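Data file: my_file-v3.txt. Format and content: compact mmCIF, C-alpha atoms.
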```
# COMPACT_ATOMS: atom_id res chain seq x y z
CA MET A 18 7.35 -16.98 -33.14
CA SER A 19 8.79 -15.07 -30.20
CA PRO A 20 6.95 -13.08 -27.56
CA PRO A 21 6.23 -9.45 -28.57
CA TRP A 22 8.72 -7.96 -26.13
CA VAL A 23 11.60 -9.77 -27.84
CA ARG A 24 10.70 -8.31 -31.23
CA SER A 25 10.15 -4.78 -29.88
CA ARG A 26 13.51 -4.87 -28.10
CA ARG A 27 15.36 -5.37 -31.42
CA VAL A 28 13.37 -2.90 -33.52
CA GLY A 29 12.51 -0.27 -30.90
CA GLY A 30 15.96 -0.37 -29.30
CA GLY A 31 17.71 0.23 -32.62
CA ARG A 32 15.39 3.09 -33.52
CA LEU A 33 15.93 4.91 -30.22
CA LEU A 34 19.70 4.45 -30.35
CA ALA A 35 19.88 6.64 -33.42
CA ARG A 36 17.65 9.35 -31.96
CA HIS A 37 18.74 9.93 -28.38
CA PRO A 38 22.05 9.62 -26.46
CA LEU A 39 20.30 7.74 -23.64
CA ALA A 40 18.63 5.30 -26.00
CA ARG A 41 21.07 2.55 -25.08
CA TYR A 42 19.78 2.90 -21.50
CA PRO A 43 16.00 2.85 -21.99
CA LEU A 44 15.31 1.84 -18.40
CA ALA A 45 17.30 4.85 -17.12
CA ARG A 46 15.27 7.22 -19.33
CA PHE A 47 12.09 5.58 -18.16
CA LEU A 48 13.04 5.96 -14.48
CA LEU A 49 14.11 9.59 -14.88
CA ARG A 50 10.85 10.50 -16.57
CA ARG A 51 8.71 8.76 -13.96
CA THR A 52 10.72 10.25 -11.07
CA ALA A 53 10.31 13.78 -12.43
CA VAL A 54 6.55 13.28 -12.71
CA ALA A 55 6.42 11.91 -9.16
CA VAL A 56 8.23 14.98 -7.78
CA LEU A 57 5.77 17.32 -9.49
CA LEU A 58 2.85 15.32 -8.19
CA ALA A 59 4.29 15.49 -4.66
CA PHE A 60 3.96 19.29 -4.73
CA GLY A 61 0.37 18.84 -5.88
CA VAL A 62 -0.25 16.48 -2.97
CA THR A 63 0.91 19.12 -0.46
CA LEU A 64 -1.41 21.72 -1.97
CA VAL A 65 -4.46 19.44 -2.14
CA THR A 66 -3.85 18.17 1.40
CA PHE A 67 -3.54 21.69 2.79
CA VAL A 68 -6.62 23.04 0.99
CA LEU A 69 -8.89 20.09 1.81
CA THR A 70 -7.81 20.07 5.45
CA ASN A 71 -8.63 23.75 5.89
CA LEU A 72 -12.00 23.32 4.17
CA VAL A 73 -13.15 20.91 6.88
CA PRO A 74 -15.98 22.55 8.86
CA GLY A 75 -15.36 23.14 12.54
CA ASP A 76 -13.15 25.15 14.82
CA PRO A 77 -9.81 23.52 15.74
CA ALA A 78 -9.57 25.75 18.83
CA ALA A 79 -12.92 24.54 20.14
CA ALA A 80 -12.04 20.91 19.43
CA ALA A 81 -8.66 21.17 21.16
CA LEU A 82 -9.47 23.49 24.08
CA GLY A 83 -13.00 22.54 24.97
CA GLN A 84 -16.01 24.75 25.44
CA ARG A 85 -14.88 26.26 28.73
CA ALA A 86 -11.55 27.47 27.39
CA VAL A 87 -13.12 28.73 24.15
CA GLY A 88 -15.08 31.25 26.20
CA ASP A 89 -11.81 33.05 27.02
CA PRO A 90 -10.73 35.13 23.97
CA ALA A 91 -7.15 35.43 25.27
CA ILE A 92 -6.68 31.66 25.40
CA VAL A 93 -8.18 31.25 21.92
CA ALA A 94 -5.94 33.99 20.50
CA GLN A 95 -2.86 32.41 22.08
CA PHE A 96 -3.82 29.00 20.66
CA ARG A 97 -4.31 30.38 17.15
CA HIS A 98 -1.05 32.30 17.29
CA HIS A 99 0.88 29.25 18.52
CA TYR A 100 -0.32 27.09 15.62
CA GLY A 101 -0.28 29.90 13.03
CA LEU A 102 -4.06 29.83 12.56
CA ASP A 103 -4.28 33.64 12.85
CA LYS A 104 -2.55 34.12 9.48
CA SER A 105 -4.07 34.01 6.00
CA LEU A 106 -4.26 30.68 4.18
CA PRO A 107 -1.60 31.57 1.55
CA VAL A 108 0.81 32.56 4.31
CA GLN A 109 0.01 29.39 6.21
CA TYR A 110 0.71 27.30 3.11
CA VAL A 111 4.04 29.00 2.41
CA THR A 112 5.02 28.51 6.06
CA TYR A 113 3.92 24.88 5.84
CA LEU A 114 6.08 24.29 2.76
CA GLY A 115 9.09 25.97 4.36
CA ASN A 116 8.79 23.82 7.47
CA LEU A 117 8.18 20.74 5.33
CA PHE A 118 11.47 21.18 3.48
CA GLN A 119 13.15 21.21 6.90
CA GLY A 120 11.44 17.97 7.93
CA ASP A 121 8.98 19.72 10.24
CA LEU A 122 5.34 18.63 9.87
CA GLY A 123 4.17 20.75 12.76
CA GLU A 124 3.09 19.96 16.30
CA SER A 125 0.11 17.77 17.10
CA GLN A 126 -2.58 19.63 19.00
CA GLN A 127 -3.51 16.47 20.92
CA SER A 128 -0.23 14.77 21.79
CA HIS A 129 1.75 18.05 21.86
CA GLN A 130 4.55 16.20 20.12
CA PRO A 131 5.95 16.75 16.63
CA VAL A 132 3.71 15.10 14.06
CA LEU A 133 6.79 13.47 12.58
CA THR A 134 7.42 11.74 15.91
CA ASP A 135 3.87 10.40 16.03
CA LEU A 136 4.06 9.23 12.42
CA SER A 137 7.40 7.51 13.02
CA THR A 138 5.53 5.13 15.33
CA ALA A 139 2.23 4.84 13.46
CA VAL A 140 3.53 4.41 9.90
CA PRO A 141 5.85 1.43 10.59
CA ALA A 142 3.04 -0.35 12.44
CA THR A 143 0.72 -0.04 9.46
CA LEU A 144 3.55 -0.79 7.04
CA GLU A 145 4.26 -4.05 8.85
CA LEU A 146 0.60 -5.03 8.79
CA ALA A 147 -0.01 -4.03 5.16
CA GLY A 148 3.31 -5.52 4.01
CA ALA A 149 2.52 -8.91 5.52
CA ALA A 150 -0.98 -8.81 4.00
CA ILE A 151 0.18 -7.91 0.48
CA VAL A 152 2.94 -10.57 0.46
CA ILE A 153 0.48 -13.29 1.46
CA SER A 154 -2.06 -11.94 -1.02
CA LEU A 155 0.40 -11.96 -3.92
CA VAL A 156 1.55 -15.52 -3.28
CA VAL A 157 -1.91 -16.97 -2.71
CA GLY A 158 -3.87 -14.77 -5.14
CA VAL A 159 -1.54 -15.22 -8.11
CA ALA A 160 -1.30 -18.98 -7.48
CA PHE A 161 -5.10 -19.29 -7.25
CA GLY A 162 -5.56 -17.21 -10.39
CA VAL A 163 -3.12 -19.27 -12.43
CA VAL A 164 -4.65 -22.55 -11.27
CA ALA A 165 -8.16 -21.26 -12.04
CA ALA A 166 -7.12 -20.19 -15.54
CA LEU A 167 -5.36 -23.47 -16.32
CA ARG A 168 -8.37 -25.44 -15.01
CA ARG A 169 -10.93 -23.26 -16.74
CA ASP A 170 -14.60 -24.23 -16.26
CA ARG A 171 -13.64 -27.27 -14.19
CA PHE A 172 -14.50 -27.90 -10.55
CA THR A 173 -11.26 -26.30 -9.30
CA ASP A 174 -11.96 -23.16 -11.30
CA GLN A 175 -15.53 -22.91 -10.02
CA LEU A 176 -14.41 -23.42 -6.42
CA LEU A 177 -11.70 -20.77 -6.62
CA ARG A 178 -14.10 -18.32 -8.25
CA VAL A 179 -16.56 -18.81 -5.38
CA ILE A 180 -13.76 -18.29 -2.83
CA SER A 181 -12.60 -15.10 -4.58
CA LEU A 182 -16.17 -13.82 -4.74
CA LEU A 183 -16.60 -14.38 -1.01
CA GLY A 184 -13.30 -12.61 -0.35
CA VAL A 185 -14.30 -9.43 -2.19
CA SER A 186 -17.89 -9.50 -0.90
CA VAL A 187 -17.49 -10.00 2.86
CA PRO A 188 -17.04 -6.66 4.70
CA THR A 189 -13.56 -6.46 6.18
CA PHE A 190 -14.72 -5.01 9.51
CA TRP A 191 -17.28 -7.83 9.95
CA LEU A 192 -14.64 -10.45 9.14
CA ALA A 193 -12.26 -8.82 11.63
CA LEU A 194 -14.87 -8.94 14.40
CA LEU A 195 -15.71 -12.57 13.59
CA ALA A 196 -12.05 -13.63 13.46
CA PHE A 197 -11.27 -11.88 16.76
CA TYR A 198 -14.27 -13.46 18.46
CA VAL A 199 -13.65 -16.99 17.18
CA PHE A 200 -9.87 -17.33 17.24
CA PHE A 201 -9.13 -15.21 20.32
CA TYR A 202 -12.19 -15.25 22.55
CA ARG A 203 -13.63 -18.70 21.83
CA LEU A 204 -10.69 -20.87 20.75
CA GLY A 205 -7.75 -18.98 22.25
CA TRP A 206 -5.59 -19.74 19.23
CA ALA A 207 -4.61 -16.12 18.58
CA PRO A 208 -3.06 -13.68 21.03
CA GLY A 209 -4.89 -10.57 22.16
CA SER A 210 -4.83 -7.11 20.72
CA GLY A 211 -1.80 -4.89 20.23
CA ARG A 212 1.57 -5.66 18.69
CA LEU A 213 3.16 -7.58 21.60
CA ASP A 214 2.13 -9.62 24.60
CA PRO A 215 1.57 -7.68 27.85
CA GLY A 216 4.79 -7.12 29.74
CA MET A 217 7.01 -7.32 26.67
CA THR A 218 8.99 -4.29 25.63
CA ALA A 219 9.49 -3.26 22.05
CA PRO A 220 12.82 -4.22 20.45
CA PRO A 221 15.44 -1.53 19.74
CA GLN A 222 14.04 0.55 16.90
CA VAL A 223 15.83 0.18 13.58
CA THR A 224 13.01 -0.03 11.05
CA GLY A 225 10.01 0.31 13.35
CA LEU A 226 8.81 -3.14 12.25
CA TYR A 227 8.77 -5.28 15.39
CA THR A 228 9.35 -8.56 13.56
CA ILE A 229 12.43 -7.30 11.74
CA ASP A 230 13.81 -5.30 14.66
CA ALA A 231 13.41 -8.24 17.05
CA ALA A 232 15.16 -10.58 14.58
CA LEU A 233 18.02 -8.09 14.13
CA ALA A 234 18.40 -7.80 17.91
CA GLY A 235 18.20 -11.57 18.40
CA GLN A 236 15.16 -11.22 20.69
CA TRP A 237 13.36 -14.33 19.51
CA PRO A 238 10.59 -14.39 22.16
CA VAL A 239 9.68 -10.84 21.10
CA PHE A 240 9.88 -11.90 17.44
CA TRP A 241 7.44 -14.78 17.83
CA SER A 242 5.12 -12.63 19.92
CA ALA A 243 5.12 -9.99 17.17
CA VAL A 244 4.45 -12.65 14.52
CA GLY A 245 1.58 -14.07 16.55
CA HIS A 246 -0.06 -10.67 16.99
CA LEU A 247 0.50 -9.85 13.32
CA ALA A 248 -0.95 -13.04 11.87
CA LEU A 249 -4.68 -12.62 12.51
CA PRO A 250 -5.15 -8.98 11.38
CA ALA A 251 -2.93 -9.61 8.36
CA LEU A 252 -5.00 -12.64 7.33
CA VAL A 253 -8.19 -10.60 7.71
CA LEU A 254 -6.83 -7.93 5.37
CA THR A 255 -5.65 -10.65 3.02
CA ALA A 256 -9.16 -12.00 2.37
CA TYR A 257 -10.27 -9.12 0.14
CA THR A 258 -6.95 -8.72 -1.66
CA VAL A 259 -6.64 -12.45 -2.39
CA GLY A 260 -10.09 -12.46 -3.95
CA LEU A 261 -9.24 -9.41 -6.05
CA LEU A 262 -5.89 -10.75 -7.26
CA THR A 263 -7.35 -14.18 -8.00
CA ARG A 264 -9.96 -12.72 -10.31
CA PHE A 265 -7.54 -10.38 -12.11
CA THR A 266 -4.84 -13.04 -12.47
CA ARG A 267 -7.29 -15.54 -13.90
CA SER A 268 -8.54 -13.00 -16.45
CA ALA A 269 -5.02 -11.91 -17.44
CA VAL A 270 -3.71 -15.47 -17.81
CA LEU A 271 -6.71 -16.52 -19.90
CA GLU A 272 -6.13 -13.58 -22.23
CA VAL A 273 -2.45 -14.43 -22.71
CA LEU A 274 -3.14 -18.13 -23.24
CA ASN A 275 -5.02 -17.23 -26.42
CA GLN A 276 -2.10 -15.30 -27.95
CA ASP A 277 -0.38 -16.62 -31.08
CA TYR A 278 3.10 -16.72 -29.59
CA VAL A 279 1.88 -18.98 -26.76
CA ARG A 280 0.37 -21.38 -29.27
CA ALA A 281 3.61 -21.27 -31.28
CA ALA A 282 5.66 -22.04 -28.16
CA ARG A 283 3.51 -25.05 -27.44
CA ALA A 284 3.72 -26.16 -31.06
CA LYS A 285 7.53 -26.09 -30.79
CA GLY A 286 7.27 -28.66 -28.03
CA LEU A 287 8.53 -26.43 -25.21
CA PRO A 288 7.87 -27.80 -21.71
CA GLY A 289 4.66 -26.58 -20.12
CA ARG A 290 6.56 -25.01 -17.22
CA THR A 291 8.71 -22.99 -19.63
CA VAL A 292 5.66 -21.76 -21.53
CA LEU A 293 3.90 -20.83 -18.30
CA PHE A 294 6.71 -18.92 -16.59
CA GLN A 295 8.57 -17.37 -19.55
CA TYR A 296 5.69 -16.65 -21.91
CA VAL A 297 2.37 -16.56 -20.07
CA LEU A 298 3.14 -15.20 -16.61
CA ARG A 299 5.53 -12.52 -17.82
CA ALA A 300 2.87 -10.96 -20.03
CA ALA A 301 0.04 -11.51 -17.55
CA LEU A 302 1.87 -9.91 -14.62
CA VAL A 303 1.53 -6.34 -15.94
CA PRO A 304 -2.18 -5.87 -15.05
CA VAL A 305 -1.70 -7.94 -11.91
CA ILE A 306 1.06 -5.59 -10.71
CA THR A 307 -1.25 -2.64 -11.28
CA VAL A 308 -3.95 -4.15 -9.08
CA ALA A 309 -1.41 -5.21 -6.44
CA GLY A 310 0.01 -1.68 -6.27
CA LEU A 311 -3.41 -0.13 -5.79
CA ALA A 312 -4.30 -2.78 -3.21
CA PHE A 313 -1.12 -2.09 -1.23
CA GLY A 314 -1.81 1.64 -1.22
CA SER A 315 -5.35 0.99 -0.03
CA LEU A 316 -4.10 -1.29 2.74
CA LEU A 317 -1.72 1.38 4.01
CA SER A 318 -4.38 4.09 4.06
CA GLY A 319 -7.57 2.15 4.73
CA THR A 320 -6.96 -0.08 7.74
CA VAL A 321 -8.86 2.10 10.23
CA LEU A 322 -11.49 -0.43 11.28
CA VAL A 323 -9.15 -3.41 11.41
CA GLU A 324 -6.63 -1.46 13.46
CA SER A 325 -9.38 -0.32 15.81
CA ILE A 326 -10.69 -3.86 16.34
CA PHE A 327 -7.24 -5.31 17.02
CA ALA A 328 -5.99 -2.18 18.89
CA TRP A 329 -3.19 -1.88 16.36
CA PRO A 330 -1.45 1.50 16.88
CA GLY A 331 -1.08 2.28 13.19
CA LEU A 332 -1.72 5.06 10.73
CA GLY A 333 -5.44 4.37 10.44
CA ALA A 334 -6.09 4.70 14.16
CA TYR A 335 -3.92 7.83 14.32
CA ALA A 336 -5.80 9.38 11.37
CA TYR A 337 -9.16 8.63 12.99
CA ARG A 338 -8.19 10.29 16.28
CA SER A 339 -6.76 13.30 14.47
CA ALA A 340 -9.85 13.76 12.31
CA THR A 341 -12.32 13.49 15.19
CA THR A 342 -10.42 16.13 17.21
CA LEU A 343 -9.71 18.46 14.23
CA ASP A 344 -5.97 18.13 14.81
CA LEU A 345 -5.07 19.92 11.57
CA PRO A 346 -1.26 19.41 11.65
CA ALA A 347 -1.75 15.69 12.26
CA VAL A 348 -4.45 15.43 9.56
CA MET A 349 -2.19 17.16 7.04
CA GLY A 350 0.67 14.88 8.05
CA VAL A 351 -1.47 11.78 7.48
CA GLY A 352 -2.71 13.12 4.16
CA LEU A 353 0.83 13.84 3.04
CA VAL A 354 1.99 10.35 4.04
CA VAL A 355 -0.91 8.70 2.19
CA GLY A 356 -0.21 10.78 -0.91
CA ILE A 357 3.50 9.95 -0.82
CA VAL A 358 2.65 6.28 -0.35
CA TYR A 359 0.51 6.25 -3.49
CA LEU A 360 3.15 8.13 -5.48
CA THR A 361 5.84 5.70 -4.32
CA VAL A 362 3.69 2.67 -5.09
CA ASN A 363 2.84 4.03 -8.55
CA LEU A 364 6.52 4.71 -9.22
CA ALA A 365 7.43 1.19 -8.12
CA VAL A 366 4.70 -0.23 -10.36
CA ASP A 367 6.03 1.80 -13.32
CA VAL A 368 9.54 0.49 -12.66
CA LEU A 369 8.26 -3.09 -12.56
CA TYR A 370 6.46 -2.45 -15.86
CA GLY A 371 9.79 -1.58 -17.44
CA VAL A 372 11.58 -4.54 -15.89
CA ILE A 373 8.97 -7.10 -16.92
CA ASP A 374 7.98 -5.72 -20.32
CA PRO A 375 10.73 -3.95 -22.34
CA ARG A 376 8.07 -2.52 -24.68
CA VAL A 377 7.26 -0.02 -21.91
CA ARG A 378 10.89 1.20 -21.82
CA VAL A 379 11.12 1.98 -25.53
CA GLN A 380 7.74 3.59 -26.08
```

As structure tokens, what does this structure read like?
Amino acid sequence: MSPPWVRSRRVGGGRLLARHPLARYPLARFLLRRTAVAVLLAFGVTLVTFVLTNLVPGDPAAAALGQRAVGDPAIVAQFRHHYGLDKSLPVQYVTYLGNLFQGDLGESQQSHQPVLTDLSTAVPATLELAGAAIVISLVVGVAFGVVAALRRDRFTDQLLRVISLLGVSVPTFWLALLAFYVFFYRLGWAPGSGRLDPGMTAPPQVTGLYTIDAALAGQWPVFWSAVGHLALPALVLTAYTVGLLTRFTRSAVLEVLNQDYVRAARAKGLPGRTVLFQYVLRAALVPVITVAGLAFGSLLSGTVLVESIFAWPGLGAYAYRSATTLDLPAVMGVGLVVGIVYLTVNLAVDVLYGVIDPRVRVQ
């Protein structure tokens, strides 16, 4: 007996070939459909971001100018005219869309720089931190989950379940404070806050990721400094995600192990490694990819406290400063980036569905 995706490829593929010209390229049809949906959702993200931002109570002029300047109506009127706040909301939204298509996200009321310029520094910093955390989480979490499933109800399984429970239960901000205190202040094993050691200059910007840019430029002292500063906050973020992926991987692998085609593969005498990687893991990875995609999106948009503790100049810290000062262009820029991140992650997850499980491509 073969896995279900082998059978559906023969039957489903033949059926679609007779019905649609693109049936011989099911993955292409799948990608086109998902991309079209993502584009439509992107317009929805701009509308929701704009509406929610303008519903926030408070006066941006008072937050930006201070109470003394707010007492002067001429200064307030000039401020509102400069940032387009004296126009109606529909006009502001149309203007926002027009500028957005030209790559203009507006001017930050705090830094007085284009929001796109601020985000070009903040987003790569968070992307580097979240990317390192999700890679470590996938390797460790999936490995732990598989081992726990294969050693079900034994000591190893119980131990890994306790570790995963601790990972998802411990507050991330508390773990960040504890890790910073122990490994930096008490033991001196980790470097201080920030992305580089004091006195070091950032490498020439190519991707905005210091580790990659330093390696491309051959600046190895800068590279190792960036790795050292990245390690501790990334491991802190990894704790929750590893616990989550361990639990989901264990559950998914246990479910697949009970399928008939896995029993048939074992009855044929196939090696255990072949059964595990070609039969079990391929089917179990679909729900795991879903959880990993959501976890990565959460890491990119929810690292405010960790970035604050480690003085990491990322998207979370930038969003916090913008929200507390009612910097509406910056807040809308952050909201748009977070929405695009989730759309991109969901699209990538959908693509991986089609690559791993051909049943998704032919449905």

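Closest approach to Ala340 in chain A from the set A:Asn71, A:Leu167, A:Thr255, A:Gly211 is made by A:Asn71, with distances taken over all atoms listed in the file.
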
Interatomic distance between CA of Glu145 in chain A and CA of Tyr257 in chain A?
17.7 Å

All residues 10 Å or closer to Pro141 in chain A, all atoms listed in the file, same chain fewer than 2 positions away omitted, as a PyMOL selection string
chain A and resi 136-139+143-148+224-227+330-332

So that I can see what lies close to Ala219 in chain A, please list as a JSON list (two decimals) with C-alpha atoms, keeping the file's coordinate frame the residues with an atom at most 9 Å from it, counting only C-alpha atoms and leaving out residues fewer than 5 positions away in the same chain.
```json
[["chain", "number", "residue", "atom", "x", "y", "z"],
["A", 212, "ARG", "CA", 1.57, -5.66, 18.69],
["A", 213, "LEU", "CA", 3.16, -7.58, 21.60],
["A", 227, "TYR", "CA", 8.77, -5.28, 15.39],
["A", 230, "ASP", "CA", 13.81, -5.30, 14.66],
["A", 231, "ALA", "CA", 13.41, -8.24, 17.05],
["A", 239, "VAL", "CA", 9.68, -10.84, 21.10]]
```

Write out as a PyMOL selection string the residues lying within 10 Å of range 50-66 of chain A, counting only C-alpha atoms and excluding same-chain residues fewer than 5 positions away.
chain A and resi 44-45+71+110+113-114+117+348-357+359-361+363-365+367-368

CA of Asp277 in chain A to CA of Phe265 in chain A: how many Å, to one decimal?
21.2 Å

Using all atoms listed in the file, which residue out of A:Ala234, A:Thr263, A:Val323, A:Ala207 lies closest to Ala160 in chain A?
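For Ala160 in chain A, the nearest of the given residues is A:Thr263.
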
Could you give me, as an MDAnalysis selection string, the residues within 12 Å of Leu106 in chain A, counting all atoms listed in the file and dropping anything in the same chain fewer than 3 positions from it?
chainID A and resid 64 67:72 101:103 109:113

Would you mind exporting C-alpha atoms of the selected residues as a PDB file, in the coordinates of the input?
```pdb
ATOM      1  CA  LEU A  64      -1.410  21.720  -1.970  1.00  0.00           C
ATOM      2  CA  PHE A  67      -3.540  21.690   2.790  1.00  0.00           C
ATOM      3  CA  VAL A  68      -6.620  23.040   0.990  1.00  0.00           C
ATOM      4  CA  LEU A  69      -8.890  20.090   1.810  1.00  0.00           C
ATOM      5  CA  THR A  70      -7.810  20.070   5.450  1.00  0.00           C
ATOM      6  CA  ASN A  71      -8.630  23.750   5.890  1.00  0.00           C
ATOM      7  CA  LEU A  72     -12.000  23.320   4.170  1.00  0.00           C
ATOM      8  CA  GLY A 101      -0.280  29.900  13.030  1.00  0.00           C
ATOM      9  CA  LEU A 102      -4.060  29.830  12.560  1.00  0.00           C
ATOM     10  CA  ASP A 103      -4.280  33.640  12.850  1.00  0.00           C
ATOM     11  CA  GLN A 109       0.010  29.390   6.210  1.00  0.00           C
ATOM     12  CA  TYR A 110       0.710  27.300   3.110  1.00  0.00           C
ATOM     13  CA  VAL A 111       4.040  29.000   2.410  1.00  0.00           C
ATOM     14  CA  THR A 112       5.020  28.510   6.060  1.00  0.00           C
ATOM     15  CA  TYR A 113       3.920  24.880   5.840  1.00  0.00           C
TER      16      TYR A 113
END
```

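Nearest-residue note for Ser325 in chain A: choosing from A:Pro250, A:Gly205, A:Pro90, A:Pro238, the minimum distance belongs to A:Pro250, counting all atoms listed in the file.
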
Ref. answer, residues at most 8 Å from (1.0, -22.3, -20.6) with only C-alpha atoms, as a PyMOL selection string
chain A and resi 167+274+279+283+289-294+296-297

What is the distance between CA of Trp206 in chain A and CA of Ile326 in chain A, in Å to one decimal?
16.9 Å

Residues within 12 Å of Val179 in chain A, please, as a list in words. Count only C-alpha atoms; anything in the same chain fewer than 2 positions from it doesn't count.
Phe161, Ala165, Phe172, Thr173, Asp174, Gln175, Leu176, Leu177, Ser181, Leu182, Leu183, Gly184, Val185, Ser186, Gly260, Leu261, Thr263 and Arg264 of chain A

Contacts of range 269-341 of chain A with range 190-203 of chain A up to 12 Å, shortest pair per row, only C-alpha atoms, as a Markdown table:
```
| residue | atom | partner | partner_atom | distance |
| --- | --- | --- | --- | --- |
| A:Gly319 | CA | A:Phe190 | CA | 11.2 |
| A:Thr320 | CA | A:Phe190 | CA | 9.4 |
| A:Val321 | CA | A:Phe190 | CA | 9.2 |
| A:Leu322 | CA | A:Phe190 | CA | 5.9 |
| A:Val323 | CA | A:Phe190 | CA | 6.1 |
| A:Glu324 | CA | A:Ala193 | CA | 9.4 |
| A:Ser325 | CA | A:Phe190 | CA | 9.5 |
| A:Ile326 | CA | A:Leu194 | CA | 6.9 |
| A:Phe327 | CA | A:Phe197 | CA | 7.7 |
| A:Ala328 | CA | A:Phe197 | CA | 11.2 |
```

Can you work out which one of A:Ala347, A:Ala232, A:Leu317, A:Val164 has the shortest atom-to-atom distance to Gly123 in chain A, counting only C-alpha atoms?
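Distance minimum relative to Gly123 in chain A lands on A:Ala347.
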
A:Leu133, A:Leu311, A:Ile229, A:Ala300: which is nearest Ile373 in chain A, counting only C-alpha atoms?
A:Ala300
